[in-house]
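Engineer: Take a look at my_file-v8.cif, mmCIF, C-alpha atoms:
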```
data_protein
loop_
_atom_site.group_PDB
_atom_site.id
_atom_site.type_symbol
_atom_site.label_atom_id
_atom_site.label_comp_id
_atom_site.auth_asym_id
_atom_site.auth_seq_id
_atom_site.Cartn_x
_atom_site.Cartn_y
_atom_site.Cartn_z
ATOM 1 C CA MET A 1 74.349 -105.954 -47.510
ATOM 2 C CA SER A 2 75.170 -103.133 -45.092
ATOM 3 C CA LEU A 3 78.206 -100.862 -44.909
ATOM 4 C CA GLY A 4 78.892 -101.091 -48.642
ATOM 5 C CA ARG A 5 79.412 -104.869 -48.651
ATOM 6 C CA SER A 6 78.265 -106.951 -51.612
ATOM 7 C CA ARG A 7 79.107 -110.012 -53.688
ATOM 8 C CA LEU A 8 81.843 -109.565 -56.250
ATOM 9 C CA ASP A 9 79.609 -110.572 -59.162
ATOM 10 C CA THR A 10 76.920 -108.103 -58.095
ATOM 11 C CA LEU A 11 79.400 -105.245 -57.858
ATOM 12 C CA LEU A 12 81.126 -106.015 -61.182
ATOM 13 C CA ALA A 13 77.848 -106.443 -63.010
ATOM 14 C CA GLU A 14 76.765 -103.013 -61.790
ATOM 15 C CA LYS A 15 80.093 -101.284 -62.409
ATOM 16 C CA LEU A 16 80.732 -102.799 -65.847
ATOM 17 C CA LYS A 17 77.085 -102.842 -66.980
ATOM 18 C CA ILE A 18 77.241 -106.531 -67.779
ATOM 19 C CA LYS A 19 75.269 -109.596 -66.746
ATOM 20 C CA ARG A 20 76.299 -111.501 -63.655
ATOM 21 C CA LYS A 21 76.883 -114.639 -65.709
ATOM 22 C CA ASP A 22 79.476 -112.715 -67.713
ATOM 23 C CA VAL A 23 81.408 -112.068 -64.518
ATOM 24 C CA ARG A 24 82.049 -115.804 -64.283
ATOM 25 C CA LEU A 25 83.805 -115.642 -67.652
ATOM 26 C CA LEU A 26 86.045 -112.816 -66.457
ATOM 27 C CA LEU A 27 86.993 -114.878 -63.417
ATOM 28 C CA ALA A 28 87.639 -117.969 -65.536
ATOM 29 C CA LYS A 29 90.007 -115.904 -67.678
ATOM 30 C CA GLN A 30 91.784 -114.755 -64.485
ATOM 31 C CA GLN A 31 91.165 -111.120 -65.353
ATOM 32 C CA VAL A 32 89.820 -109.964 -61.989
ATOM 33 C CA ASN A 33 91.985 -108.900 -59.051
ATOM 34 C CA VAL A 34 90.775 -107.856 -55.606
ATOM 35 C CA ASP A 35 93.262 -106.132 -53.319
ATOM 36 C CA GLY A 36 96.151 -107.411 -55.415
ATOM 37 C CA ARG A 37 95.023 -111.045 -55.500
ATOM 38 C CA ARG A 38 93.472 -113.032 -58.315
ATOM 39 C CA ALA A 39 89.749 -113.455 -57.642
ATOM 40 C CA LYS A 40 88.250 -116.906 -58.185
ATOM 41 C CA ASP A 41 84.801 -116.874 -56.578
ATOM 42 C CA VAL A 42 81.776 -114.879 -57.742
ATOM 43 C CA ASP A 43 80.398 -114.857 -54.202
ATOM 44 C CA LEU A 44 83.500 -113.234 -52.741
ATOM 45 C CA ILE A 45 82.348 -110.476 -50.377
ATOM 46 C CA VAL A 46 83.854 -107.067 -51.143
ATOM 47 C CA ASP A 47 83.188 -103.601 -49.782
ATOM 48 C CA LYS A 48 83.604 -100.009 -50.877
ATOM 49 C CA PHE A 49 87.278 -100.043 -49.873
ATOM 50 C CA SER A 50 88.194 -103.146 -51.893
ATOM 51 C CA PHE A 51 90.640 -102.268 -54.697
ATOM 52 C CA ILE A 52 89.309 -104.030 -57.781
ATOM 53 C CA THR A 53 90.771 -104.278 -61.281
ATOM 54 C CA VAL A 54 89.619 -106.118 -64.381
ATOM 55 C CA ASP A 55 92.325 -106.822 -66.956
ATOM 56 C CA GLU A 56 94.419 -103.988 -65.410
ATOM 57 C CA MET A 57 91.511 -101.537 -65.638
ATOM 58 C CA VAL A 58 90.710 -100.004 -62.244
ATOM 59 C CA VAL A 59 87.054 -100.636 -61.444
ATOM 60 C CA GLN A 60 87.035 -99.441 -57.829
ATOM 61 C CA ASP A 61 89.589 -97.483 -55.843
ATOM 62 C CA ASN A 62 88.209 -95.940 -52.645
ATOM 63 C CA PRO A 63 90.969 -95.906 -50.005
ATOM 64 C CA ALA A 64 90.002 -95.747 -46.343
ATOM 65 C CA HIS A 65 91.420 -92.843 -44.356
ATOM 66 C CA TYR A 66 92.063 -92.559 -40.626
ATOM 67 C CA ILE A 67 93.093 -89.124 -39.331
ATOM 68 C CA ILE A 68 94.367 -88.069 -35.915
ATOM 69 C CA LEU A 69 93.913 -84.377 -35.110
ATOM 70 C CA ASN A 70 95.060 -82.278 -32.176
ATOM 71 C CA LYS A 71 91.924 -80.173 -31.718
ATOM 72 C CA PRO A 72 92.483 -76.670 -30.353
ATOM 73 C CA ILE A 73 90.126 -74.835 -28.025
ATOM 74 C CA GLY A 74 87.582 -72.711 -29.890
ATOM 75 C CA VAL A 75 87.079 -75.126 -32.779
ATOM 76 C CA VAL A 76 83.849 -77.140 -33.008
ATOM 77 C CA SER A 77 83.704 -80.874 -33.595
ATOM 78 C CA ALA A 78 81.424 -80.591 -36.618
ATOM 79 C CA THR A 79 81.638 -80.795 -40.377
ATOM 80 C CA THR A 80 79.904 -77.423 -40.863
ATOM 81 C CA ASP A 81 79.080 -74.491 -38.611
ATOM 82 C CA ASP A 82 77.788 -71.001 -39.370
ATOM 83 C CA ILE A 83 79.655 -69.339 -36.504
ATOM 84 C CA HIS A 84 82.794 -71.223 -35.496
ATOM 85 C CA GLN A 85 85.713 -72.784 -37.306
ATOM 86 C CA THR A 86 85.250 -76.551 -37.591
ATOM 87 C CA VAL A 87 87.732 -79.404 -37.326
ATOM 88 C CA ILE A 88 87.164 -80.048 -41.045
ATOM 89 C CA ASP A 89 88.319 -76.482 -41.752
ATOM 90 C CA LEU A 90 91.660 -77.370 -40.134
ATOM 91 C CA LEU A 91 92.316 -80.232 -42.549
ATOM 92 C CA ASP A 92 94.203 -80.039 -45.838
ATOM 93 C CA TYR A 93 93.279 -83.309 -47.517
ATOM 94 C CA PRO A 94 91.440 -83.670 -50.843
ATOM 95 C CA PHE A 95 89.153 -86.252 -49.216
ATOM 96 C CA LYS A 96 88.306 -84.227 -46.091
ATOM 97 C CA ASP A 97 84.634 -83.813 -47.056
ATOM 98 C CA GLN A 98 84.250 -87.617 -46.878
ATOM 99 C CA LEU A 99 85.271 -87.765 -43.217
ATOM 100 C CA HIS A 100 83.143 -88.030 -40.111
ATOM 101 C CA ILE A 101 84.131 -87.490 -36.475
ATOM 102 C CA LEU A 102 84.576 -90.132 -33.770
ATOM 103 C CA GLY A 103 83.949 -89.060 -30.185
ATOM 104 C CA ARG A 104 83.442 -85.308 -30.337
ATOM 105 C CA LEU A 105 85.068 -82.739 -28.084
ATOM 106 C CA ASP A 106 83.104 -79.612 -27.211
ATOM 107 C CA LEU A 107 84.095 -76.059 -28.180
ATOM 108 C CA ASN A 108 86.190 -75.376 -25.070
ATOM 109 C CA SER A 109 87.859 -78.803 -24.916
ATOM 110 C CA SER A 110 91.046 -79.799 -26.715
ATOM 111 C CA GLY A 111 93.111 -82.808 -27.655
ATOM 112 C CA LEU A 112 92.959 -86.043 -29.572
ATOM 113 C CA LEU A 113 90.222 -86.370 -32.169
ATOM 114 C CA LEU A 114 89.794 -89.117 -34.762
ATOM 115 C CA LEU A 115 88.175 -88.736 -38.180
ATOM 116 C CA THR A 116 87.554 -91.390 -40.827
ATOM 117 C CA ASN A 117 85.518 -92.282 -43.888
ATOM 118 C CA ASP A 118 85.240 -95.894 -42.686
ATOM 119 C CA SER A 119 81.922 -96.335 -40.883
ATOM 120 C CA ARG A 120 82.798 -99.878 -39.785
ATOM 121 C CA PHE A 121 85.879 -98.560 -37.991
ATOM 122 C CA SER A 122 83.927 -95.841 -36.208
ATOM 123 C CA GLN A 123 81.098 -98.187 -35.222
ATOM 124 C CA ARG A 124 83.593 -100.684 -33.830
ATOM 125 C CA LEU A 125 85.328 -98.035 -31.724
ATOM 126 C CA MET A 126 82.220 -96.222 -30.536
ATOM 127 C CA HIS A 127 80.028 -99.220 -29.762
ATOM 128 C CA PRO A 128 79.323 -99.357 -26.000
ATOM 129 C CA GLN A 129 80.371 -103.008 -25.811
ATOM 130 C CA ALA A 130 83.817 -102.165 -27.215
ATOM 131 C CA LYS A 131 84.668 -100.265 -24.005
ATOM 132 C CA VAL A 132 87.504 -98.382 -25.683
ATOM 133 C CA SER A 133 89.121 -96.197 -23.036
ATOM 134 C CA LYS A 134 89.474 -92.429 -23.389
ATOM 135 C CA THR A 135 91.897 -90.536 -21.154
ATOM 136 C CA TYR A 136 91.601 -86.853 -20.233
ATOM 137 C CA GLN A 137 93.650 -84.287 -18.339
ATOM 138 C CA VAL A 138 91.155 -82.241 -16.332
ATOM 139 C CA THR A 139 91.832 -78.956 -14.564
ATOM 140 C CA LEU A 140 89.398 -78.054 -11.766
ATOM 141 C CA ASP A 141 88.458 -74.786 -10.125
ATOM 142 C CA LYS A 142 88.673 -76.230 -6.598
ATOM 143 C CA PRO A 143 91.097 -78.724 -5.028
ATOM 144 C CA LEU A 144 90.522 -82.412 -5.678
ATOM 145 C CA THR A 145 89.629 -84.750 -2.817
ATOM 146 C CA GLU A 146 90.187 -88.455 -2.251
ATOM 147 C CA ASP A 147 86.460 -89.222 -2.029
ATOM 148 C CA MET A 148 86.129 -88.316 -5.709
ATOM 149 C CA ILE A 149 88.230 -91.352 -6.655
ATOM 150 C CA GLU A 150 85.742 -93.788 -5.112
ATOM 151 C CA ALA A 151 82.740 -91.932 -6.529
ATOM 152 C CA PHE A 152 84.106 -92.098 -10.068
ATOM 153 C CA ALA A 153 84.997 -95.789 -9.671
ATOM 154 C CA ARG A 154 81.522 -96.585 -8.344
ATOM 155 C CA GLY A 155 79.695 -94.761 -11.148
ATOM 156 C CA MET A 156 77.119 -92.002 -10.864
ATOM 157 C CA TYR A 157 73.409 -92.028 -11.535
ATOM 158 C CA PHE A 158 72.222 -89.479 -14.116
ATOM 159 C CA GLU A 159 68.519 -88.951 -13.550
ATOM 160 C CA PHE A 160 67.877 -87.217 -16.890
ATOM 161 C CA GLU A 161 68.986 -90.287 -18.894
ATOM 162 C CA ASP A 162 68.044 -92.761 -16.120
ATOM 163 C CA ILE A 163 71.460 -94.430 -16.333
ATOM 164 C CA THR A 164 74.400 -95.111 -14.046
ATOM 165 C CA THR A 165 77.779 -94.377 -15.566
ATOM 166 C CA GLN A 166 80.301 -97.144 -16.054
ATOM 167 C CA PRO A 167 83.181 -97.232 -13.550
ATOM 168 C CA ALA A 168 85.729 -94.513 -14.322
ATOM 169 C CA LYS A 169 89.311 -94.148 -13.119
ATOM 170 C CA LEU A 170 90.331 -90.867 -11.505
ATOM 171 C CA GLU A 171 93.954 -90.162 -10.604
ATOM 172 C CA ILE A 172 94.905 -87.000 -8.736
ATOM 173 C CA ILE A 173 97.916 -85.461 -10.474
ATOM 174 C CA SER A 174 98.098 -82.259 -8.446
ATOM 175 C CA GLU A 175 95.812 -80.172 -6.275
ATOM 176 C CA HIS A 176 93.732 -78.967 -9.226
ATOM 177 C CA VAL A 177 94.609 -81.469 -11.978
ATOM 178 C CA ALA A 178 93.258 -84.984 -12.452
ATOM 179 C CA GLN A 179 93.587 -87.698 -15.053
ATOM 180 C CA VAL A 180 90.256 -89.345 -15.845
ATOM 181 C CA THR A 181 89.811 -92.510 -17.904
ATOM 182 C CA LEU A 182 86.354 -93.426 -19.228
ATOM 183 C CA THR A 183 85.031 -96.289 -21.326
ATOM 184 C CA GLU A 184 81.932 -94.395 -22.426
ATOM 185 C CA GLY A 185 81.090 -90.873 -23.507
ATOM 186 C CA ARG A 186 77.894 -89.488 -22.034
ATOM 187 C CA TYR A 187 76.903 -85.891 -22.736
ATOM 188 C CA HIS A 188 79.355 -83.610 -20.863
ATOM 189 C CA GLN A 189 80.022 -86.602 -18.628
ATOM 190 C CA ILE A 190 83.206 -85.447 -16.922
ATOM 191 C CA LYS A 191 81.853 -81.962 -16.235
ATOM 192 C CA ARG A 192 78.654 -83.409 -14.806
ATOM 193 C CA MET A 193 80.525 -85.896 -12.600
ATOM 194 C CA PHE A 194 82.685 -83.181 -11.082
ATOM 195 C CA GLY A 195 79.561 -81.066 -10.848
ATOM 196 C CA ARG A 196 78.312 -83.480 -8.174
ATOM 197 C CA PHE A 197 81.125 -82.102 -6.014
ATOM 198 C CA ARG A 198 80.362 -78.512 -7.042
ATOM 199 C CA ASN A 199 83.792 -78.379 -8.649
ATOM 200 C CA GLN A 200 83.840 -76.674 -12.036
ATOM 201 C CA VAL A 201 85.972 -78.033 -14.876
ATOM 202 C CA VAL A 202 88.051 -75.144 -16.232
ATOM 203 C CA ALA A 203 90.050 -77.132 -18.827
ATOM 204 C CA LEU A 204 89.557 -80.520 -20.486
ATOM 205 C CA HIS A 205 92.140 -82.132 -22.757
ATOM 206 C CA ARG A 206 91.914 -85.639 -24.244
ATOM 207 C CA ASP A 207 95.333 -87.213 -24.673
ATOM 208 C CA ALA A 208 94.535 -90.861 -25.437
ATOM 209 C CA ILE A 209 91.973 -93.145 -27.055
ATOM 210 C CA GLY A 210 92.765 -96.737 -26.239
ATOM 211 C CA ARG A 211 96.501 -97.225 -26.792
ATOM 212 C CA LEU A 212 96.689 -94.282 -29.196
ATOM 213 C CA THR A 213 98.234 -91.252 -27.516
ATOM 214 C CA LEU A 214 98.661 -87.656 -28.576
ATOM 215 C CA ASP A 215 102.364 -86.817 -28.535
ATOM 216 C CA GLU A 216 104.193 -83.498 -28.709
ATOM 217 C CA THR A 217 104.966 -83.810 -32.430
ATOM 218 C CA LEU A 218 101.356 -82.963 -33.304
ATOM 219 C CA LYS A 219 100.771 -79.334 -32.410
ATOM 220 C CA PRO A 220 97.262 -77.865 -31.855
ATOM 221 C CA GLY A 221 95.463 -77.707 -35.191
ATOM 222 C CA GLN A 222 97.787 -80.224 -36.859
ATOM 223 C CA SER A 223 96.756 -83.650 -38.157
ATOM 224 C CA ARG A 224 98.118 -86.702 -39.949
ATOM 225 C CA GLU A 225 97.018 -90.147 -41.095
ATOM 226 C CA LEU A 226 97.346 -93.000 -38.622
ATOM 227 C CA SER A 227 100.165 -95.443 -39.230
ATOM 228 C CA ALA A 228 99.545 -99.150 -39.759
ATOM 229 C CA LYS A 229 100.900 -99.781 -36.259
ATOM 230 C CA GLU A 230 98.496 -97.259 -34.733
ATOM 231 C CA LEU A 231 95.572 -98.799 -36.598
ATOM 232 C CA SER A 232 96.538 -102.184 -35.178
ATOM 233 C CA PHE A 233 95.918 -100.791 -31.670
ATOM 234 C CA PHE A 234 92.200 -100.824 -32.386
ATOM 235 C CA ALA A 235 92.227 -104.392 -33.674
ATOM 236 C CA ALA A 236 93.471 -105.632 -30.306
ATOM 237 C CA LYS A 237 91.195 -106.623 -27.429
ATOM 238 C CA ASP A 238 93.003 -104.616 -24.785
ATOM 239 C CA ASN A 239 91.960 -101.105 -25.870
#
```
The structure in this file should be written as structure tokens.

Structural biologist:
Amino acid sequence: MSLGRSRLDTLLAEKLKIKRKDVRLLLAKQQVNVDGRRAKDVDLIVDKFSFITVDEMVVQDNPAHYIILNKPIGVVSATTDDIHQTVIDLLDYPFKDQLHILGRLDLNSSGLLLLTNDSRFSQRLMHPQAKVSKTYQVTLDKPLTEDMIEAFARGMYFEFEDITTQPAKLEIISEHVAQVTLTEGRYHQIKRMFGRFRNQVVALHRDAIGRLTLDETLKPGQSRELSAKELSFFAAKDN
């Protein structure tokens, strides 16, 4: 099975170096617990994050981690880089080398970045059908105009990829500052969309993914684990 999922008897047989029929005996003796509950069925589906014990012996303990980071300008969204400091370099967690990045920000962009070791979580958020919104504060070189609002809402055709972007919401905050909300993440999409108006993006800051927002308590370069409440935002259908 994909994404680390398997039957309980298969996993225990491999971990304990026993036969699968012997797993049935362990279950009959009520010696197996999965995520704090007594396991009864050999065909119970578990994954790499299931906490499993046998007669109080820990067989598997791989906690999932979900990190929110306030990415500063000048740091690359990569796990390794020969030239620039990476977002992984900013972290101070013993498990940081297990993490991967969701929805990268380029070198000169800043703001909310998510990292996790849970591939199911990242696939769910990043899948095009999920349409999880991402909100950016964008500073432009030239004044914004009302016709940009309609153009963003209509979508723009990108000849190189032969695609038309999904409708995007543009709100004019001030003469040179806009708030843009997307439900996709094409390569340099915001810069290319404003490029149609020959208006250069001079600053790009992401302050929200779905209902998760970047508040003032998390300074540039700082990170923390998501709370249970924040994780629940991504289980809802109204991201």

Engineer: What residues come out when you apply the PyMOL selection byres ((chain A and resi 52) around 7) to this file, written as a list in words?

Structural biologist: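 Against this file, the PyMOL selection byres ((chain A and resi 52) around 7) returns the residues Asn33, Val34, Asp35, Ser50, Phe51, Thr53, Val54, Val58, Val59, Gln60 and Asp61 of chain A.
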
Engineer: Please write the residues from the selection above to a file, keeping C-alpha atoms, as a PDB file, keeping the file's coordinate frame.

Structural biologist:
```pdb
ATOM      1  CA  ASN A  33      91.985-108.900 -59.051  1.00  0.00           C
ATOM      2  CA  VAL A  34      90.775-107.856 -55.606  1.00  0.00           C
ATOM      3  CA  ASP A  35      93.262-106.132 -53.319  1.00  0.00           C
ATOM      4  CA  SER A  50      88.194-103.146 -51.893  1.00  0.00           C
ATOM      5  CA  PHE A  51      90.640-102.268 -54.697  1.00  0.00           C
ATOM      6  CA  THR A  53      90.771-104.278 -61.281  1.00  0.00           C
ATOM      7  CA  VAL A  54      89.619-106.118 -64.381  1.00  0.00           C
ATOM      8  CA  VAL A  58      90.710-100.004 -62.244  1.00  0.00           C
ATOM      9  CA  VAL A  59      87.054-100.636 -61.444  1.00  0.00           C
ATOM     10  CA  GLN A  60      87.035 -99.441 -57.829  1.00  0.00           C
ATOM     11  CA  ASP A  61      89.589 -97.483 -55.843  1.00  0.00           C
TER      12      ASP A  61
END
```

Engineer: Name the residues captured by the PyMOL selection byres ((chain A and resi 180) around 9) when it is applied to the shown file; answer as a list of chain:residue names.

Structural biologist: A:Lys134, A:Thr135, A:Tyr136, A:Gln137, A:Val138, A:Phe152, A:Ala168, A:Lys169, A:Leu170, A:Glu171, A:Ile172, A:Ala178, A:Gln179, A:Thr181, A:Leu182, A:Ile190

Engineer: Skipping near chain neighbours, those fewer than 2 positions away, what residues fall within 9 Å of Gln200 (chain A) using only C-alpha atoms, listed as a list in words?

Structural biologist: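 Counting only the stated atoms, we get Thr139, Leu140, Asp141, Lys142, Lys191, Arg192, Phe194, Gly195, Phe197, Arg198 and Val202 of chain A.
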
Engineer: Include C-alpha atoms and write out the residues we just selected as a JSON list (two decimals), keeping the file's coordinate frame.

Structural biologist:
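The resulting again_4.json:
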```json
[["chain", "number", "residue", "atom", "x", "y", "z"],
["A", 139, "THR", "CA", 91.83, -78.96, -14.56],
["A", 140, "LEU", "CA", 89.40, -78.05, -11.77],
["A", 141, "ASP", "CA", 88.46, -74.79, -10.12],
["A", 142, "LYS", "CA", 88.67, -76.23, -6.60],
["A", 191, "LYS", "CA", 81.85, -81.96, -16.24],
["A", 192, "ARG", "CA", 78.65, -83.41, -14.81],
["A", 194, "PHE", "CA", 82.68, -83.18, -11.08],
["A", 195, "GLY", "CA", 79.56, -81.07, -10.85],
["A", 197, "PHE", "CA", 81.12, -82.10, -6.01],
["A", 198, "ARG", "CA", 80.36, -78.51, -7.04],
["A", 202, "VAL", "CA", 88.05, -75.14, -16.23]]
```

Engineer: Assuming the chain letters and numbering stay as they are in my file, what does the PyMOL selection byres ((chain A and resi 99-107) around 8) actually select? List them as a ChimeraX atom specification.

Structural biologist: /A:73-79,95-98,108-110,113-117,122,126,185

Engineer: So the first atom is CA of Lys71 (chain A) and the second is CA of Gly210 (chain A); what is the distance between them in Å, to one decimal place?

Structural biologist: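 One can read the CA of Lys71 (chain A) to CA of Gly210 (chain A) distance as 17.5 Å.
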
Engineer: Let me make sure I understand: among A:Leu26, A:Met193, A:Leu91, A:Ile68, which one has the smallest atom-to-atom distance to Ala151 (chain A) if we use only C-alpha atoms?

Structural biologist: A:Met193

Engineer: Which is closer to Gln129 (chain A) than all the others in A:Asp22, A:Asp43, A:Glu184, A:Glu150, using only C-alpha atoms?

Structural biologist: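 Comparing A:Asp22, A:Asp43, A:Glu184, A:Glu150 against Gln129 (chain A), the winner is A:Glu184.
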
Engineer: Which of these, A:Thr165, A:Asp55, A:Gly221, A:His127, has the shortest distance to Leu90 (chain A) once you count all atoms listed in the file?

Structural biologist: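 Of A:Thr165, A:Asp55, A:Gly221, A:His127, the one nearest Leu90 (chain A), counting all atoms listed in the file, is A:Gly221.
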
Engineer: Report as a list in words all protein, DNA and RNA residues lying within 12 Å of Leu11 (chain A), evaluated on only C-alpha atoms, omitting residues in the same chain fewer than 4 positions from it.

Structural biologist: Met1, Gly4, Arg5, Ser6, Arg7, Lys15, Leu16, Lys17, Ile18, Lys19, Arg20, Val23, Val34, Val42, Asp43, Leu44, Ile45, Val46, Asp47, Lys48, Ser50, Ile52, Thr53, Val59 and Gln60 of chain A

Engineer: Name the closest residue to Ile173 (chain A) among the candidates A:Asp9, A:Pro143, A:Tyr187, A:Asn199; distances are taken between atoms, counting all atoms listed in the file.

Structural biologist: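 The shortest atom-to-atom distance to Ile173 (chain A) comes from A:Pro143.
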
Engineer: Pick from A:Glu161, A:Lys131, A:Ser223, A:Leu231: nearest to Asp92 (chain A), with only C-alpha atoms counted?

Structural biologist: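 Under the stated criterion, the closest residue is A:Ser223.
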
Engineer: Which one of A:Ile149, A:Leu212, A:Ala28, A:Val177 sits closest to Ser133 (chain A) if you count all atoms listed in the file?

Structural biologist: A:Leu212

Engineer: So how many Å separate CA of His176 (chain A) and CA of Thr217 (chain A), to one decimal?

Structural biologist: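 CA of Thr217 (chain A) lies at a distance of 26.2 Å from CA of His176 (chain A).
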